[in-house]
file start-v7.txt (compact mmCIF, C-alpha atoms and all ligand atoms)
# COMPACT_ATOMS: atom_id res chain seq x y z
CA MET A 1 15.37 -24.04 -24.23
CA HIS A 2 13.39 -24.62 -21.07
CA TRP A 3 15.70 -25.92 -18.35
CA SER A 4 13.01 -26.14 -15.69
CA GLN A 5 10.63 -28.33 -17.71
CA ASN A 6 13.54 -30.38 -19.04
CA LEU A 7 14.78 -31.61 -15.65
CA ARG A 8 14.79 -35.41 -15.20
CA LYS A 9 18.28 -36.20 -13.91
CA LEU A 10 20.28 -34.87 -11.00
CA HIS A 11 24.03 -35.09 -10.64
CA VAL A 12 24.86 -34.18 -7.07
CA ASP A 13 28.26 -33.65 -5.48
CA LEU A 14 27.19 -34.29 -1.87
CA THR A 15 30.35 -33.25 -0.10
CA SER A 16 33.76 -31.70 -0.66
CA TYR A 17 35.41 -34.18 1.71
CA CYS A 18 37.34 -37.18 0.47
CA ASN A 19 39.54 -39.82 2.06
CA ALA A 20 41.54 -40.30 -1.16
CA LYS A 21 44.03 -38.21 -3.08
CA CYS A 22 43.73 -39.18 -6.73
CA PRO A 23 46.42 -37.20 -8.57
CA ALA A 24 44.20 -36.00 -11.44
CA CYS A 25 41.36 -34.87 -9.15
CA ALA A 26 40.61 -31.16 -8.85
CA ARG A 27 40.35 -31.36 -5.06
CA ASN A 28 44.09 -31.88 -4.57
CA LEU A 29 47.36 -30.88 -6.18
CA ASN A 30 48.84 -33.88 -8.04
CA GLY A 31 47.90 -36.30 -5.27
CA GLY A 32 49.42 -34.01 -2.62
CA PRO A 33 47.85 -31.19 -0.60
CA THR A 34 44.19 -30.24 -0.80
CA THR A 35 43.57 -27.52 -3.41
CA PRO A 36 43.92 -24.11 -1.73
CA GLY A 37 40.58 -22.31 -1.45
CA LEU A 38 38.43 -25.46 -1.38
CA ALA A 39 35.78 -25.09 1.34
CA LEU A 40 35.14 -28.34 3.20
CA GLU A 41 31.39 -28.75 3.47
CA HIS A 42 28.65 -31.37 3.40
CA PHE A 43 25.34 -30.82 1.61
CA GLU A 44 22.73 -29.82 4.21
CA VAL A 45 20.25 -32.56 5.02
CA ASP A 46 17.25 -30.18 5.29
CA VAL A 47 17.97 -28.76 1.85
CA TRP A 48 18.32 -32.28 0.48
CA ASN A 49 14.97 -33.35 1.96
CA GLN A 50 13.28 -30.32 0.43
CA LEU A 51 14.88 -31.05 -2.95
CA ALA A 52 13.60 -34.64 -2.80
CA LYS A 53 10.10 -33.39 -1.94
CA ASP A 54 10.02 -30.61 -4.56
CA THR A 55 11.05 -32.96 -7.36
CA ALA A 56 8.94 -35.94 -6.20
CA GLY A 57 8.32 -38.37 -9.05
CA ASN A 58 10.06 -36.20 -11.66
CA ILE A 59 13.63 -37.44 -11.33
CA HIS A 60 14.47 -40.59 -13.26
CA LYS A 61 18.12 -40.81 -12.35
CA LEU A 62 20.06 -39.58 -9.35
CA PHE A 63 23.81 -39.64 -9.85
CA LEU A 64 25.94 -39.06 -6.77
CA ASN A 65 29.42 -38.22 -7.90
CA GLY A 66 31.26 -35.02 -8.32
CA ASN A 67 34.15 -32.72 -8.68
CA TRP A 68 35.04 -32.06 -5.08
CA GLY A 69 34.39 -35.10 -2.94
CA ASP A 70 33.18 -38.67 -2.50
CA PRO A 71 29.49 -39.23 -1.55
CA GLY A 72 30.58 -41.97 0.87
CA MET A 73 32.08 -39.24 3.05
CA HIS A 74 28.72 -37.60 3.76
CA PRO A 75 27.84 -38.55 7.35
CA ASN A 76 24.10 -38.79 6.52
CA LEU A 77 24.30 -40.53 3.15
CA ILE A 78 22.19 -43.57 4.07
CA GLU A 79 19.26 -41.61 5.53
CA MET A 80 19.44 -39.12 2.63
CA LEU A 81 19.13 -41.93 0.10
CA ALA A 82 16.25 -43.43 2.06
CA THR A 83 14.43 -40.08 1.99
CA PHE A 84 15.06 -39.55 -1.71
CA GLY A 85 13.84 -43.08 -2.41
CA GLN A 86 10.54 -42.40 -0.63
CA TYR A 87 9.77 -39.52 -2.99
CA HIS A 88 11.17 -41.21 -6.11
CA THR A 89 10.03 -44.77 -6.46
CA ASP A 90 10.77 -45.08 -10.21
CA CYS A 91 14.31 -43.70 -10.23
CA ASP A 92 17.79 -45.19 -10.64
CA LEU A 93 20.09 -44.31 -7.75
CA VAL A 94 23.77 -44.35 -8.69
CA ILE A 95 26.55 -43.79 -6.16
CA CYS A 96 30.13 -43.40 -7.43
CA THR A 97 32.77 -43.99 -4.80
CA ASN A 98 36.33 -45.03 -4.12
CA GLY A 99 34.77 -47.32 -1.48
CA GLY A 100 37.69 -46.95 0.93
CA MET A 101 35.81 -45.22 3.72
CA HIS A 102 33.78 -46.94 6.49
CA LYS A 103 33.75 -50.54 7.64
CA PRO A 104 31.90 -53.43 5.95
CA GLU A 105 28.95 -53.09 8.38
CA TRP A 106 28.20 -49.61 7.01
CA TRP A 107 28.11 -50.95 3.46
CA CYS A 108 25.74 -53.74 4.57
CA GLU A 109 23.42 -51.10 5.98
CA LEU A 110 23.57 -49.15 2.71
CA ALA A 111 22.67 -52.31 0.76
CA THR A 112 19.72 -52.91 3.07
CA VAL A 113 18.30 -49.49 2.19
CA LEU A 114 18.93 -49.89 -1.55
CA LYS A 115 18.36 -53.55 -2.37
CA GLU A 116 14.62 -53.44 -3.10
CA ARG A 117 14.99 -50.73 -5.74
CA ARG A 118 17.01 -49.95 -8.89
CA HIS A 119 20.44 -48.81 -7.83
CA ARG A 120 24.13 -49.38 -8.32
CA VAL A 121 27.27 -48.51 -6.46
CA VAL A 122 30.10 -47.75 -8.85
CA TRP A 123 33.43 -48.70 -7.25
CA SER A 124 36.58 -47.13 -8.65
CA ILE A 125 39.14 -49.93 -8.32
CA ASP A 126 42.09 -49.40 -10.61
CA GLY A 127 43.80 -52.77 -10.53
CA ILE A 128 44.88 -55.35 -7.99
CA GLY A 129 46.58 -54.50 -4.68
CA LYS A 130 49.28 -51.84 -4.81
CA SER A 131 48.59 -51.23 -8.48
CA HIS A 132 45.16 -49.82 -7.50
CA GLU A 133 46.69 -47.64 -4.80
CA LEU A 134 49.07 -45.88 -7.21
CA TYR A 135 46.20 -43.73 -8.50
CA ARG A 136 43.63 -44.09 -5.68
CA ARG A 137 46.13 -42.75 -3.19
CA ASN A 138 45.25 -43.01 0.50
CA THR A 139 42.84 -45.91 -0.05
CA SER A 140 43.53 -49.50 0.93
CA TYR A 141 42.78 -52.07 -1.79
CA ASP A 142 42.04 -54.73 0.83
CA ARG A 143 39.55 -52.48 2.61
CA VAL A 144 37.77 -51.54 -0.62
CA ILE A 145 37.39 -55.20 -1.61
CA GLU A 146 36.13 -56.09 1.87
CA ASN A 147 33.56 -53.28 1.71
CA MET A 148 32.40 -54.24 -1.77
CA GLN A 149 32.07 -57.88 -0.76
CA ALA A 150 29.95 -56.92 2.25
CA PHE A 151 27.73 -54.67 0.11
CA ASN A 152 27.24 -57.35 -2.55
CA SER A 153 26.52 -60.09 -0.01
CA ALA A 154 23.83 -57.90 1.58
CA GLY A 155 21.97 -57.56 -1.76
CA GLY A 156 23.74 -54.52 -3.21
CA ALA A 157 24.25 -54.09 -6.97
CA SER A 158 27.84 -53.21 -7.88
CA GLU A 159 29.73 -51.98 -10.89
CA TRP A 160 33.52 -52.24 -10.81
CA VAL A 161 35.10 -49.38 -12.73
CA MET A 162 38.74 -49.74 -13.65
CA THR A 163 40.47 -46.70 -15.08
CA LEU A 164 43.09 -47.85 -17.58
CA TRP A 165 46.73 -46.97 -16.90
CA ASP A 166 49.86 -48.44 -18.42
CA HIS A 167 50.67 -50.02 -15.06
CA ASN A 168 47.38 -51.98 -14.74
CA LEU A 169 46.73 -53.23 -18.28
CA HIS A 170 48.14 -56.70 -17.52
CA GLU A 171 45.55 -57.07 -14.74
CA ILE A 172 42.40 -56.64 -16.83
CA ASP A 173 41.60 -60.37 -17.07
CA THR A 174 42.21 -60.88 -13.35
CA VAL A 175 39.96 -57.93 -12.54
CA ARG A 176 37.19 -59.26 -14.81
CA LYS A 177 37.26 -62.67 -13.12
CA LEU A 178 37.45 -61.22 -9.62
CA ALA A 179 34.60 -58.79 -10.27
CA LYS A 180 32.42 -61.71 -11.34
CA ASP A 181 33.51 -63.91 -8.43
CA LEU A 182 32.75 -61.11 -5.97
CA GLY A 183 29.24 -60.70 -7.33
CA CYS A 184 29.51 -57.48 -9.37
CA TYR A 185 26.93 -57.14 -12.14
CA TRP A 186 28.97 -54.81 -14.36
CA LEU A 187 32.58 -54.03 -15.18
CA GLU A 188 33.56 -50.83 -16.89
CA LEU A 189 37.01 -50.35 -18.36
CA ARG A 190 37.39 -46.60 -18.50
CA ASP A 191 39.81 -44.38 -20.40
CA SER A 192 41.78 -42.01 -18.25
CA HIS A 193 41.30 -38.32 -19.00
CA SER A 194 44.80 -37.63 -17.72
CA PRO A 195 47.69 -36.58 -19.94
CA GLU A 196 50.10 -39.26 -21.16
CA GLU A 197 52.37 -38.50 -18.20
CA LEU A 198 50.85 -37.60 -14.84
CA LEU A 199 53.28 -36.43 -12.17
CA VAL A 200 52.45 -37.45 -8.60
CA THR A 201 53.70 -35.45 -5.63
CA ASP A 202 53.50 -35.77 -1.85
CA ASN A 203 51.92 -33.40 0.67
CA ASP A 204 54.96 -31.11 0.47
CA LYS A 205 54.64 -31.03 -3.34
CA ARG A 206 57.79 -33.14 -3.74
CA TYR A 207 57.89 -35.44 -6.79
CA GLU A 208 57.14 -39.09 -6.03
CA TYR A 209 56.45 -40.92 -9.30
CA THR A 210 54.80 -40.67 -12.73
CA LEU A 211 51.73 -42.49 -14.03
CA TYR A 212 51.45 -43.16 -17.76
CA THR A 213 48.55 -43.65 -20.20
CA LYS A 214 50.56 -44.05 -23.41
CA LYS A 215 49.70 -47.74 -24.02
CA ALA A 216 46.37 -47.54 -22.20
CA LYS A 217 44.97 -45.22 -24.83
CA ASP A 218 45.07 -48.09 -27.36
CA VAL A 219 43.16 -50.55 -25.18
CA LYS A 220 39.44 -51.02 -25.81
CA SER A 221 37.33 -49.49 -23.06
CA GLY A 222 33.60 -49.82 -22.36
CA LEU A 223 30.93 -51.40 -20.20
CA GLU A 224 30.64 -55.18 -19.80
CA ILE A 225 27.66 -56.96 -18.28
CA LEU A 226 28.76 -59.73 -15.93
CA ASN A 227 25.32 -60.89 -14.79
CA LYS A 228 22.59 -60.23 -17.35
CA ASP A 229 19.49 -60.94 -15.23
CA GLN A 230 20.60 -58.84 -12.29
CA ALA A 231 21.95 -56.09 -14.54
CA GLU A 232 18.51 -55.66 -16.10
CA LYS A 233 16.78 -55.73 -12.74
CA PHE A 234 18.89 -53.00 -11.20
CA ARG A 235 19.41 -50.60 -14.09
CA LYS A 236 17.04 -48.97 -16.56
CA ASP A 237 19.05 -47.14 -19.22
CA LEU A 238 16.55 -47.18 -22.06
CA ARG A 239 13.27 -45.56 -21.08
CA LEU A 240 10.26 -44.80 -23.23
CA ASP A 241 9.41 -41.93 -20.90
CA PHE A 242 12.96 -40.65 -21.24
CA PRO A 243 13.53 -40.51 -25.02
CA SER A 244 16.84 -39.46 -26.52
CA GLN A 245 16.84 -35.84 -27.61
CA THR A 246 19.44 -34.03 -29.66
CA GLU A 247 17.72 -30.71 -30.22
CA PHE A 248 20.35 -28.60 -28.47
CA LYS A 249 24.16 -28.28 -28.59
CA CYS A 250 24.51 -28.96 -24.85
CA PRO A 251 24.84 -32.70 -24.07
CA TRP A 252 23.76 -32.24 -20.45
CA TYR A 253 20.55 -30.50 -21.52
CA ASN A 254 19.89 -33.29 -23.99
CA GLU A 255 20.39 -35.73 -21.12
CA TYR A 256 17.80 -33.78 -19.04
CA SER A 257 20.45 -33.13 -16.40
CA VAL A 258 21.91 -30.49 -14.12
CA GLN A 259 24.71 -30.52 -11.54
CA ILE A 260 24.44 -29.48 -7.89
CA ASP A 261 27.64 -28.82 -5.98
CA PRO A 262 28.33 -29.48 -2.26
CA PHE A 263 27.70 -25.79 -1.57
CA MET A 264 24.12 -26.29 -2.79
CA LYS A 265 24.53 -24.30 -6.00
CA VAL A 266 22.84 -25.54 -9.19
CA TRP A 267 24.88 -25.55 -12.42
CA PRO A 268 24.21 -26.71 -15.97
CA CYS A 269 26.93 -29.39 -15.78
CA CYS A 270 30.02 -30.59 -13.92
CA ASN A 271 32.24 -28.81 -16.43
CA ILE A 272 30.99 -25.34 -15.53
CA SER A 273 30.53 -26.20 -11.86
CA ILE A 274 34.24 -26.89 -11.41
CA TYR A 275 35.19 -23.38 -12.56
CA THR A 276 32.92 -21.58 -10.14
CA HIS A 277 34.05 -22.44 -6.62
CA ILE A 278 37.70 -21.44 -6.27
CA LYS A 279 38.13 -17.89 -7.48
CA GLY A 280 41.52 -17.21 -9.03
CA HIS A 281 42.15 -20.92 -9.63
CA PRO A 282 44.11 -21.39 -12.89
CA MET A 283 41.18 -23.36 -14.31
CA ASP A 284 38.96 -20.27 -14.07
CA GLN A 285 40.13 -19.29 -17.55
CA GLN A 286 37.55 -21.64 -19.00
CA PHE A 287 34.50 -19.87 -17.59
CA ASP A 288 34.16 -16.23 -16.56
CA VAL A 289 32.24 -16.20 -13.26
CA THR A 290 31.85 -12.42 -13.41
CA THR A 291 29.23 -12.96 -16.14
CA LEU A 292 26.94 -14.75 -13.66
CA PRO A 293 23.86 -13.01 -12.21
CA GLU A 294 23.66 -11.79 -8.62
CA ASP A 295 24.98 -14.01 -5.82
CA GLY A 296 22.43 -16.59 -4.78
CA PHE A 297 20.55 -16.90 -8.08
CA ASN A 298 21.30 -20.64 -8.06
CA ASP A 299 21.37 -21.24 -4.30
CA LEU A 300 19.22 -24.21 -3.37
CA SER A 301 19.18 -23.24 0.29
CA LYS A 302 17.21 -20.12 -0.65
CA GLN A 303 14.70 -21.39 -3.23
CA SER A 304 13.44 -24.53 -4.95
CA ILE A 305 15.28 -26.04 -7.88
CA TYR A 306 12.39 -25.11 -10.19
CA GLU A 307 12.53 -21.48 -9.07
CA ILE A 308 16.26 -21.50 -9.77
CA LEU A 309 15.80 -22.96 -13.25
CA GLU A 310 13.13 -20.35 -14.04
CA HIS A 311 15.72 -17.57 -13.62
CA PRO A 312 16.26 -15.98 -17.06
CA TRP A 313 19.96 -16.82 -16.89
CA TRP A 314 19.16 -20.42 -17.87
CA ASP A 315 16.75 -20.05 -20.76
CA ILE A 316 18.17 -16.83 -22.18
CA THR A 317 21.78 -16.04 -21.19
CA LEU A 318 23.14 -19.57 -20.91
CA SER A 319 21.15 -21.04 -23.79
CA THR A 320 22.17 -18.22 -26.13
CA ALA A 321 25.82 -18.47 -25.05
CA ILE A 322 25.85 -22.21 -25.77
CA ASP A 323 24.11 -21.72 -29.09
CA ARG A 324 26.69 -19.12 -30.13
CA ALA A 325 29.61 -21.11 -28.65
CA GLU A 326 30.60 -18.15 -26.49
CA TYR A 327 31.92 -20.09 -23.48
CA LYS A 328 35.40 -21.57 -23.75
CA VAL A 329 34.38 -24.42 -21.44
CA CYS A 330 31.58 -25.44 -23.85
CA ARG A 331 33.95 -25.37 -26.80
CA ASN A 332 36.69 -27.31 -25.02
CA SER A 333 34.64 -29.82 -23.01
CA CYS A 334 31.77 -30.49 -25.42
CA GLY A 335 33.10 -29.43 -28.81
CA VAL A 336 30.38 -26.77 -29.15
CA ARG A 337 30.88 -24.76 -32.32
S1 LIG B 1 37.91 -40.47 -4.92
FE1 LIG B 1 36.99 -38.96 -6.28
S2 LIG B 1 36.80 -37.06 -5.08
FE2 LIG B 1 38.21 -38.42 -4.00
S3 LIG B 1 40.24 -37.77 -4.67
FE3 LIG B 1 39.60 -39.49 -5.98
S4 LIG B 1 38.61 -38.54 -7.78
FE4 LIG B 1 38.76 -36.96 -6.14
S1 LIG B 2 30.19 -27.25 -20.93
FE1 LIG B 2 28.55 -26.11 -21.93
S2 LIG B 2 27.82 -27.42 -23.60
FE2 LIG B 2 29.04 -28.67 -22.21
S3 LIG B 2 27.55 -29.59 -20.84
FE3 LIG B 2 28.30 -27.72 -19.87
S4 LIG B 2 26.87 -26.12 -20.45
FE4 LIG B 2 26.54 -27.86 -21.81
call {"tool": "encode", "arguments": {"input": "start-v7.txt", "output": "structure tokens", "more": "lines below"}}
Ligand code: SF4
Ligand code: SF4
result
Amino acid sequence: MHWSQNLRKLHVDLTSYCNAKCPACARNLNGGPTTPGLALEHFEVDVWNQLAKDTAGNIHKLFLNGNWGDPGMHPNLIEMLATFGQYHTDCDLVICTNGGMHKPEWWCELATVLKERRHRVVWSIDGIGKSHELYRRNTSYDRVIENMQAFNSAGGASEWVMTLWDHNLHEIDTVRKLAKDLGCYWLELRDSHSPEELLVTDNDKRYEYTLYTKKAKDVKSGLEILNKDQAEKFRKDLRLDFPSQTEFKCPWYNEYSVQIDPFMKVWPCCNISIYTHIKGHPMDQQFDVTTLPEDGFNDLSKQSIYEILEHPWWDITLSTAIDRAEYKVCRNSCGVR
């Protein structure tokens, strides 16, 4: 495998800050306190600008989402996207957010920067009113809708993503209609990765309520196009210069992708990335960080992304481990055998 030559997509977790407290998210404990040991940091703008310059023209999709925070919380997000866009004119920019931060004016400004190019903002809105707020804790449904409306009216391209829970299934038709009325181009009904019963606790770790996915698991999920012309204009999924490849057992490699965390470390995927930041976290069992090379081998603040991906860990250690199914995380997350 040759990770450096393979790179075409970037998944970047721009910050470890978030305004929300979704109970299944790794950055908090069941919707309560922030996970102990999580450093609160934003991706450095200078490092970002260098990354954009170093990869100029080579990145076909930039995906801003992540394990530890919401890209909307980065104080320099708009200027960072503008810079990236200057170096990458033929690239889809995708921003996944809970949309509950900022006022509508900020979202208008974001749309102004994005509207002339392929982009989409993916809004996680899990139902109508209070139903949405049961999972997207700490966000206001009314504020999110106001922000999305402002973004769409200013020329932004939006995808409404609704995670399916037992408590919101009766709202699917209403959501579909509202998404269309508000000018979204796509609606995705998404399966929850949570267990059938998800306990939700407060900041003092006291039980509050339970969310269920028992019936939701039987409901058909998937992407729906609400506005065909605009959907084609703003999104380029099938690319001749980006052919499907299945030569390796790692789906992220086959998708030409790597993950960069808010601490500016480059990882093969979000699955491994999540096991590397908080040492001693129960989830560490899935990936043994002591097998990694010296500190800094994947630090973007010290070298370019191509220099990082030329480190023998990628093409030799990691590739062999995936091929032999040595990592538990690869077996459990990707079914590698
Ligand atoms: S919005 Fe995203 S980062 Fe924030 S708590 Fe929810 S899942 Fe986690
Ligand atoms: S968990 Fe392993 S196989 Fe799956 S995407 Fe990550 S590196 Fe690839």
call {"tool": "atom_distance", "arguments": {"input": "start-v7.txt", "atom1": "atom CA of Asn203 of chain A", "atom2": "atom CA of Arg137 of chain A"}}
result
11.7 Å
call {"tool": "closest_residue", "arguments": {"input": "start-v7.txt", "among": "A:Pro243, A:Gly66, A:Gly127, A:Gly335", "to": "ligand LIG 1 (chain B)", "atoms": "all atoms listed in the file"}}
result
A:Gly66
call {"tool": "atom_distance", "arguments": {"input": "start-v7.txt", "atom1": "atom CA of Lys249 of chain A", "atom2": "atom CA of Asp191 of chain A"}}
result
23.9 Å
call {"tool": "residues_around", "arguments": {"input": "start-v7.txt", "residues": "Val266 of chain A", "least_positions_apart": "3", "cutoff": "6 Å", "atoms": "all atoms listed in the file", "output": "VMD selection string"}}
result
chain A and resid 259 to 260 298
call {"tool": "residues_around", "arguments": {"input": "start-v7.txt", "residues": "segment 216-227 of chain A", "least_positions_apart": "2", "cutoff": "12 Å", "atoms": "all atoms listed in the file", "output": "PyMOL selection string"}}
result
chain A and resi 122+157-170+172+175-197+211-214+229-235
call {"tool": "closest_residue", "arguments": {"input": "start-v7.txt", "among": "A:Pro268, A:Asp323, A:Tyr135, A:Lys279", "to": "ligand LIG 2 (chain B)", "atoms": "only C-alpha atoms and all ligand atoms"}}
result
A:Pro268
call {"tool": "residues_near_ligand", "arguments": {"input": "start-v7.txt", "ligand": "ligand LIG 2 (chain B)", "cutoff": "12 Å", "atoms": "all atoms listed in the file", "output": "PyMOL selection string"}}
result
chain A and resi 3+248-259+266-275+286-287+314-315+317-337
call {"tool": "residues_near_ligand", "arguments": {"input": "start-v7.txt", "ligand": "ligand LIG 1 (chain B)", "cutoff": "7 Å", "atoms": "only C-alpha atoms and all ligand atoms", "output": "VMD selection string"}}
result
chain A and resid 18 to 22 25 to 27 66 to 70 97 to 98 136
call {"tool": "closest_residue", "arguments": {"input": "start-v7.txt", "among": "A:Val113, A:Leu14, A:Ala24, A:Met80", "to": "Asp261 of chain A", "atoms": "all atoms listed in the file"}}
result
A:Leu14
call {"tool": "atom_distance", "arguments": {"input": "start-v7.txt", "atom1": "atom CA of Asn65 of chain A", "atom2": "atom CA of His42 of chain A"}}
result
13.2 Å
call {"tool": "residues_around", "arguments": {"input": "start-v7.txt", "residues": "Gln303 of chain A", "least_positions_apart": "3", "cutoff": "12 Å", "atoms": "all atoms listed in the file", "output": "JSON, numbers by chain"}}
result
{"A": [47, 50, 51, 54, 264, 265, 266, 296, 297, 298, 299, 300, 306, 307, 308, 309, 310, 311]}
call {"tool": "closest_residue", "arguments": {"input": "start-v7.txt", "among": "A:Asp90, A:Leu134, A:Glu116, A:Thr35", "to": "Thr210 of chain A", "atoms": "only C-alpha atoms"}}
result
A:Leu134
call {"tool": "residues_near_point", "arguments": {"input": "start-v7.txt", "point": "(34.1, -45.3, 7.2)", "cutoff": "12 Å", "atoms": "all atoms listed in the file", "output": "ChimeraX atom specification"}}
result
/A:18-19,70-77,98-107,139,143-144,147
call {"tool": "closest_residue", "arguments": {"input": "start-v7.txt", "among": "A:Leu29, A:Leu62, A:Leu199, A:Ile278", "to": "His11 of chain A", "atoms": "all atoms listed in the file"}}
result
A:Leu62
call {"tool": "closest_residue", "arguments": {"input": "start-v7.txt", "among": "A:Gly57, A:Gly85, A:Pro262, A:Gly129", "to": "Arg8 of chain A", "atoms": "only C-alpha atoms"}}
result
A:Gly57
call {"tool": "residues_around", "arguments": {"input": "start-v7.txt", "residues": "His88 of chain A", "least_positions_apart": "6", "cutoff": "12 Å", "atoms": "only C-alpha atoms", "output": "list in words"}}
result
Arg8, Lys9, Asn49, Leu51, Ala52, Lys53, Asp54, Thr55, Ala56, Gly57, Asn58, Ile59, His60, Lys61, Leu62, Leu81, Ala82, Arg117 and Arg118 of chain A
call {"tool": "write_last_selection", "arguments": {"input": "start-v7.txt", "atoms": "C-alpha atoms", "output": "mmCIF file, keeping the file's coordinate frame"}}
result
data_model
loop_
_atom_site.group_PDB
_atom_site.id
_atom_site.type_symbol
_atom_site.label_atom_id
_atom_site.label_comp_id
_atom_site.auth_asym_id
_atom_site.auth_seq_id
_atom_site.Cartn_x
_atom_site.Cartn_y
_atom_site.Cartn_z
ATOM 1 C CA ARG A 8 14.790 -35.410 -15.200
ATOM 2 C CA LYS A 9 18.280 -36.200 -13.910
ATOM 3 C CA ASN A 49 14.970 -33.350 1.960
ATOM 4 C CA LEU A 51 14.880 -31.050 -2.950
ATOM 5 C CA ALA A 52 13.600 -34.640 -2.800
ATOM 6 C CA LYS A 53 10.100 -33.390 -1.940
ATOM 7 C CA ASP A 54 10.020 -30.610 -4.560
ATOM 8 C CA THR A 55 11.050 -32.960 -7.360
ATOM 9 C CA ALA A 56 8.940 -35.940 -6.200
ATOM 10 C CA GLY A 57 8.320 -38.370 -9.050
ATOM 11 C CA ASN A 58 10.060 -36.200 -11.660
ATOM 12 C CA ILE A 59 13.630 -37.440 -11.330
ATOM 13 C CA HIS A 60 14.470 -40.590 -13.260
ATOM 14 C CA LYS A 61 18.120 -40.810 -12.350
ATOM 15 C CA LEU A 62 20.060 -39.580 -9.350
ATOM 16 C CA LEU A 81 19.130 -41.930 0.100
ATOM 17 C CA ALA A 82 16.250 -43.430 2.060
ATOM 18 C CA ARG A 117 14.990 -50.730 -5.740
ATOM 19 C CA ARG A 118 17.010 -49.950 -8.890
#
call {"tool": "decode", "arguments": {"input": "start-v7.txt", "residues": "segment 318-335 of chain A", "atoms": "N, CA and C atoms", "output": "tab-separated table (two decimals), in the first residue's frame"}}
result
chain	number	residue	atom	x	y	z
A	318	LEU	N	1.37	-0.57	9.58
A	318	LEU	CA	-0.10	-0.50	9.55
A	318	LEU	C	-0.68	-1.40	8.46
A	319	SER	N	-0.12	-1.31	7.27
A	319	SER	CA	-0.67	-2.09	6.14
A	319	SER	C	-0.58	-3.59	6.42
A	320	THR	N	0.55	-4.02	7.02
A	320	THR	CA	0.69	-5.44	7.33
A	320	THR	C	-0.30	-5.84	8.42
A	321	ALA	N	-0.44	-4.98	9.44
A	321	ALA	CA	-1.36	-5.29	10.54
A	321	ALA	C	-2.80	-5.42	10.04
A	322	ILE	N	-3.19	-4.55	9.11
A	322	ILE	CA	-4.54	-4.64	8.56
A	322	ILE	C	-4.67	-5.94	7.75
A	323	ASP	N	-3.67	-6.19	6.93
A	323	ASP	CA	-3.72	-7.39	6.08
A	323	ASP	C	-3.84	-8.66	6.91
A	324	ARG	N	-3.16	-8.66	8.07
A	324	ARG	CA	-3.19	-9.87	8.92
A	324	ARG	C	-4.28	-9.80	9.99
A	325	ALA	N	-5.09	-8.76	9.94
A	325	ALA	CA	-6.19	-8.57	10.91
A	325	ALA	C	-5.68	-8.57	12.35
A	326	GLU	N	-4.58	-7.87	12.57
A	326	GLU	CA	-3.97	-7.90	13.91
A	326	GLU	C	-4.65	-6.93	14.89
A	327	TYR	N	-5.21	-5.84	14.36
A	327	TYR	CA	-5.80	-4.84	15.27
A	327	TYR	C	-7.27	-5.17	15.55
A	328	LYS	N	-7.59	-5.16	16.84
A	328	LYS	CA	-8.98	-5.43	17.24
A	328	LYS	C	-9.94	-4.41	16.61
A	329	VAL	N	-9.51	-3.15	16.58
A	329	VAL	CA	-10.37	-2.10	16.04
A	329	VAL	C	-10.72	-2.38	14.58
A	330	CYS	N	-9.78	-2.92	13.81
A	330	CYS	CA	-10.04	-3.22	12.39
A	330	CYS	C	-11.02	-4.39	12.28
A	331	ARG	N	-10.86	-5.35	13.18
A	331	ARG	CA	-11.77	-6.50	13.14
A	331	ARG	C	-13.18	-6.07	13.55
A	332	ASN	N	-13.27	-5.27	14.62
A	332	ASN	CA	-14.59	-4.90	15.14
A	332	ASN	C	-15.29	-3.82	14.32
A	333	SER	N	-14.53	-2.82	13.86
A	333	SER	CA	-15.18	-1.70	13.15
A	333	SER	C	-15.38	-2.00	11.67
A	334	CYS	N	-14.48	-2.76	11.07
A	334	CYS	CA	-14.53	-2.93	9.61
A	334	CYS	C	-14.65	-4.39	9.18
A	335	GLY	N	-14.78	-5.28	10.15
A	335	GLY	CA	-14.95	-6.70	9.80
A	335	GLY	C	-13.74	-7.30	9.12
